[in-house]
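Taking it in order: structure first as structure tokens, then the write-up.
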Amino acid sequence: KSVDLIEQSTGERVDPYAFPLDDQPTFDLLCRGETKGIFQLESGGIRDLLQRMKPDHFRDIIATNALYRPGPLEGGMVTEYIEVKHGRKQAEYAHPVMKEVLEETHGVMVYQEQVMRILNGLGGIELSEAYTCIKAISKKKLPMIARSREQFIQGAVAKGLKERDASELFGMIEKFAGYGFNKSHSTAYALIAYMTAYLKAHYPVEFMAALLSGDIPGRNFKKKDSLVEHLEDCRRMNITVVPPDVNQCEGDFTVRDQKILFGLAAIKGFGPTAAAAVVADRTQRGPYRDLFDFCQRIDPSVANRGAIESLIKAGAFDSCGAHRAAWMGVVDRALQSGASALSDRRAGQKGLFEDDEPEDGPEHASVPNVPPWDDRLRLASEKEVLGFYLSSHPLAEHEEALSTYTTHNTVEAAALPGRTEVFLGGMIASIKFSHVKQARQGSTHTKYAMFDLEDMTGIMRSIIWPEDFARFAHLVEADKILVVRGTVDKRPGSEEANLIINELIPLEEVAQRFTKGMIVRLDEQEQGLQRLDQLHEILRGYPGKCELQLMLCLEDKTRVLCHCDGMRVELSAELRQRVGDLLGPGHIKLIGGPSPSAPSNGNGNGYNRGQQNRGAPARR
């Protein structure tokens with residue numbers, strides 16, 4: 001799919017089998033762990049391994065596939081490989097044969113083929129028998145294992161190895177055989193992984209469009225799916241995704257002018273058959289003038305009312321001269337118009353406007369003069385049919401406040417070890433209430449809640465148990481925006497993370513409870529340092545307990561952060577208004593942290609993110 005899209009947008013037909021295997025941009029991408037969508041290298045754990053390993057040769061990619069499995073991870077083989085690779089440790093070889101076989105993997109037994117060569121080269125066991133030995137070990141056939149052990153020790157001793165060392169080496173082979181991986185298999189995987197990484201490094205727009213198209217079948221609109229994750233990756237990669245449009249988009253995601261056009265088949269209730277019909281008619285007869293024209297041209301058995309309403313909610317008719325509320329108000333009329341046109345076509349009659357239709361469309365194409373949907377309804381409709389918020393995000397206006405008073409976002413929190421306490425901010429969705437079978441001793445509460453906490457980066461499944469739910473039940477409602485204190489919960493051996501919630505804090509209360517202080521920025525070039533006296537007069541009129549910092553941005557580009565230890569202030573709305581009037585908007589930043597005037601409830605250690613990220617000077 002990527003190759004086809006590259007040919008369409010560049011005229012060049014690339015051959016993945018001709019990609020050079022020493023391409024530096026490809027290895028740079030792998031070293032950064034930017035491998036979402038890369039075959040076999042997508043999971044969080046393997047991305048972390050790539051960042052530690054820093055692969056710089058195709059052999060490292062082969063080894064990664066073989067090493068990232070429970071046995072090698074638990075046995076310390078992965079760490080050994082990385083330490084030796086980066087020169088932090090010397091590989092140890094019991095015999096020259098061992099060095100010859102294991103040097104390419106830094107002294108670590110990684111592949112079954114290596115074990116066969118050791119059994120053969122050091123123990124004198126025929127290669128065919130060496131493979132049989134490995135299979136016997138994996139199936140725990142003890143008599144066969146005993147015969148192989150005796151033969152190997154005899155052969156190794158004859159090659160100069162001490163009997164004890166030979167016995168220990170066979171013990172290592174026995175342990176390895178339980179999780180050994182074929183190098184031939186791993187190499188095939190590695191080649192496909194390298195090809196896809198090369199495409200992502202050199203043709204990112206076409207690669208991401210192909211990846212998104214592959215995500216369309218089996219979409220799950222009830223939770224965040226892979227298509228949404230890959231769209232978020234597009235945003236991080238600064239790739240523009242053009243919103244759905246019946247006059248531009250095709251069924252799959254396509255590329256035009258180094259932008260990705262949204263795939264119509266990815267819209268809920270509007271599958272590939274309907275998308276293909278829309279594109280075919282548009283190609284044959286030109287763009288759709290409006291919703292009426294669309295309904296007259298597309299058979300309702302292909303695109304029914306639900307499919308058309310999904311297109312409207314997705315914004316696919318926004319370019320046709322009216323807003324979504326207006327189009328939704330005329331769906332019935334448009335469908336009736338389409339049904340009438342279909343009836344005429346079946347009867348062999350030509351429509352009144354088919355030959356000489358004015359540019360504004362037929363008379364019945366008028367739309368009601370109604371106000372557009374408010375942001376809340378528009379965004380909720382987008383989320384319903386696309387699985388994500390397209391034109392904006394309900395949390396966008398609260399982004400600064402949430403980043404000031406939280407320690408992590410949901411993606412960062414999911415990567416933390418279990419039992420880590422965090423403060424997250426976001427919006428509640430997908431609530432499910434239930435009851436525990438029995439209340440805890442000394443409690444009468446059994447009802448608890450599970451819900452998704454959604455922020456600008458992703459979603460974290462959360463649970464609030466009965467005692468805490470009893471305290472905060474009034475805050476557990478759909479679309480409620482708040483800050484939560486909780487603990488990351490992970491099952492042993494699983495990368496999936498949930499959040500156990502201990503406290504819910506309404507967003508409107510957060511600033512009052514957890515503002516530690518404020519930073520006032522004064523720019524010498526904009527305001528002049530003479531404003532300092534005026535600023536001082538304002539600040540001294542509002543004594544309080546919150547800390548004050550002053551950021552001076554001097555004309556020579558030096559930034560000086562002054563901690564005003566002798567002056568503490570009360571962070572009232574009036575004070576912030578007066579400072580804003582003097583210096584202009586955007587010159588005050590709040591510092592997240594437990595306010596000296598408010599009880600911290602023992603949770604203050606989580607509220608320093610705003611200070612760390614926003615108050616640090618570039619230079620002193």
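Lettering and numbering for the structure tokens are positional, with chains as A, B, ... in the shown order, residues counted from 1 in each chain, and ligands counted from 1 in the shown order.
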
Give me, as a PyMOL selection string, all polymer residues having an atom no more than 6 Å from stretch 523-526 of chain A, counting only C-alpha atoms and skipping those fewer than 3 positions away in the same chain. chain A and resi 529+553-555

Keeping only C-alpha atoms, take the residues you just selected and write them out as a compact mmCIF listing (two decimals), in the first residue's frame.
# COMPACT_ATOMS: atom_id res chain seq x y z
CA LEU A 529 12.34 48.21 33.40
CA CYS A 553 13.69 39.13 29.93
CA LEU A 554 16.46 41.59 29.08
CA GLU A 555 17.21 43.19 25.72

I want to know what sits within 12 Å of stretch 86-90 of chain A, based on only C-alpha atoms, with residues of the same chain fewer than 3 positions away left out; could you give that as a ChimeraX atom specification? /A:52-56,79-83,93,103,106-108

Now that the selection is made, can you save its residues with N, CA and C atoms as a compact mmCIF listing (two decimals), in the first residue's frame?
# COMPACT_ATOMS: atom_id res chain seq x y z
N ARG A 52 17.34 1.51 24.31
CA ARG A 52 18.50 1.08 25.09
C ARG A 52 19.57 0.47 24.20
N MET A 53 19.16 -0.32 23.23
CA MET A 53 20.11 -1.03 22.39
C MET A 53 20.81 -0.09 21.41
N LYS A 54 20.09 0.90 20.87
CA LYS A 54 20.63 1.80 19.84
C LYS A 54 21.14 0.99 18.65
N PRO A 55 20.26 0.29 17.93
CA PRO A 55 20.72 -0.55 16.82
C PRO A 55 21.41 0.27 15.74
N ASP A 56 22.55 -0.22 15.28
CA ASP A 56 23.27 0.46 14.21
C ASP A 56 23.69 -0.52 13.11
N THR A 79 20.06 -7.55 28.76
CA THR A 79 20.98 -6.60 29.39
C THR A 79 22.42 -6.92 29.02
N GLU A 80 22.78 -8.22 29.02
CA GLU A 80 24.14 -8.65 28.66
C GLU A 80 24.48 -8.19 27.24
N TYR A 81 23.55 -8.41 26.31
CA TYR A 81 23.77 -8.02 24.91
C TYR A 81 24.04 -6.51 24.81
N ILE A 82 23.22 -5.71 25.50
CA ILE A 82 23.34 -4.25 25.42
C ILE A 82 24.63 -3.78 26.06
N GLU A 83 24.96 -4.32 27.22
CA GLU A 83 26.16 -3.88 27.94
C GLU A 83 27.43 -4.16 27.12
N TYR A 93 34.34 -15.75 26.65
CA TYR A 93 34.18 -16.93 25.82
C TYR A 93 34.98 -18.08 26.43
N GLU A 103 30.26 -14.21 18.70
CA GLU A 103 30.77 -12.84 18.65
C GLU A 103 29.76 -11.87 18.03
N HIS A 106 27.49 -10.60 20.63
CA HIS A 106 28.16 -10.06 21.82
C HIS A 106 28.23 -11.07 22.97
N GLY A 107 28.51 -12.33 22.61
CA GLY A 107 28.71 -13.35 23.63
C GLY A 107 27.45 -13.97 24.18
N VAL A 108 26.31 -13.59 23.64
CA VAL A 108 25.02 -14.09 24.15
C VAL A 108 24.45 -15.12 23.19

Taking the DSSP assignment computed from this structure's backbone, write out as a PyMOL selection string all residues of stretch 199-409 of chain A that belong to strand (DSSP E). chain A and resi 241-242+254-256+259-261

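The spacing separating atom CA of A:Pro272 from atom CA of A:Ala316 amounts to 15.5 Å.
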
Could I get the residues of stretch 228-268 of chain A with an atom no further than 7 Å from an atom of stretch 210-221 of chain A, each paired with its nearest atom pair and that distance in Å to one decimal, using only C-alpha atoms, sorted by chain and residue number, as CSV?
residue,atom,partner,partner_atom,distance
A:His230,CA,A:Leu212,CA,6.7
A:Asp252,CA,A:Ser213,CA,5.3
A:Phe253,CA,A:Ser213,CA,5.4
A:Ala265,CA,A:Ile216,CA,7.0
A:Ala266,CA,A:Ile216,CA,5.3

Can those selected residues be exported to a file as a PDB file, in the first residue's frame so that it contains all heavy atoms?
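Result saved to again_22.pdb:
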ATOM      1  N   HIS A 230      -2.704   6.104  15.599  1.00  0.00           N
ATOM      2  CA  HIS A 230      -1.853   6.466  14.471  1.00  0.00           C
ATOM      3  C   HIS A 230      -2.153   7.876  13.971  1.00  0.00           C
ATOM      4  O   HIS A 230      -1.256   8.554  13.457  1.00  0.00           O
ATOM      5  CB  HIS A 230      -2.010   5.432  13.354  1.00  0.00           C
ATOM      6  CG  HIS A 230      -1.471   4.085  13.736  1.00  0.00           C
ATOM      7  ND1 HIS A 230      -2.063   2.895  13.356  1.00  0.00           N
ATOM      8  CD2 HIS A 230      -0.405   3.726  14.502  1.00  0.00           C
ATOM      9  CE1 HIS A 230      -1.365   1.887  13.847  1.00  0.00           C
ATOM     10  NE2 HIS A 230      -0.373   2.356  14.557  1.00  0.00           N
ATOM     11  N   ASP A 252     -10.202   4.846   1.169  1.00  0.00           N
ATOM     12  CA  ASP A 252      -9.020   4.705   2.009  1.00  0.00           C
ATOM     13  C   ASP A 252      -8.393   6.070   2.255  1.00  0.00           C
ATOM     14  O   ASP A 252      -8.778   7.076   1.639  1.00  0.00           O
ATOM     15  CB  ASP A 252      -7.995   3.796   1.319  1.00  0.00           C
ATOM     16  CG  ASP A 252      -8.324   2.314   1.496  1.00  0.00           C
ATOM     17  OD1 ASP A 252      -9.213   1.995   2.304  1.00  0.00           O
ATOM     18  OD2 ASP A 252      -7.693   1.487   0.819  1.00  0.00           O
ATOM     19  N   PHE A 253      -7.408   6.090   3.132  1.00  0.00           N
ATOM     20  CA  PHE A 253      -6.610   7.301   3.338  1.00  0.00           C
ATOM     21  C   PHE A 253      -5.659   7.445   2.149  1.00  0.00           C
ATOM     22  O   PHE A 253      -4.994   6.488   1.751  1.00  0.00           O
ATOM     23  CB  PHE A 253      -5.812   7.199   4.642  1.00  0.00           C
ATOM     24  CG  PHE A 253      -6.666   7.301   5.873  1.00  0.00           C
ATOM     25  CD1 PHE A 253      -7.378   6.201   6.336  1.00  0.00           C
ATOM     26  CD2 PHE A 253      -6.776   8.498   6.574  1.00  0.00           C
ATOM     27  CE1 PHE A 253      -8.179   6.290   7.471  1.00  0.00           C
ATOM     28  CE2 PHE A 253      -7.570   8.599   7.708  1.00  0.00           C
ATOM     29  CZ  PHE A 253      -8.272   7.499   8.152  1.00  0.00           C
ATOM     30  N   ALA A 265     -14.240   5.534   4.392  1.00  0.00           N
ATOM     31  CA  ALA A 265     -14.648   4.230   4.928  1.00  0.00           C
ATOM     32  C   ALA A 265     -14.331   4.090   6.408  1.00  0.00           C
ATOM     33  O   ALA A 265     -14.786   3.148   7.054  1.00  0.00           O
ATOM     34  CB  ALA A 265     -13.972   3.101   4.150  1.00  0.00           C
ATOM     35  N   ALA A 266     -13.540   5.029   6.966  1.00  0.00           N
ATOM     36  CA  ALA A 266     -13.213   4.982   8.395  1.00  0.00           C
ATOM     37  C   ALA A 266     -14.278   5.647   9.250  1.00  0.00           C
ATOM     38  O   ALA A 266     -14.175   5.653  10.480  1.00  0.00           O
ATOM     39  CB  ALA A 266     -11.858   5.659   8.644  1.00  0.00           C
TER      40      ALA A 266
END
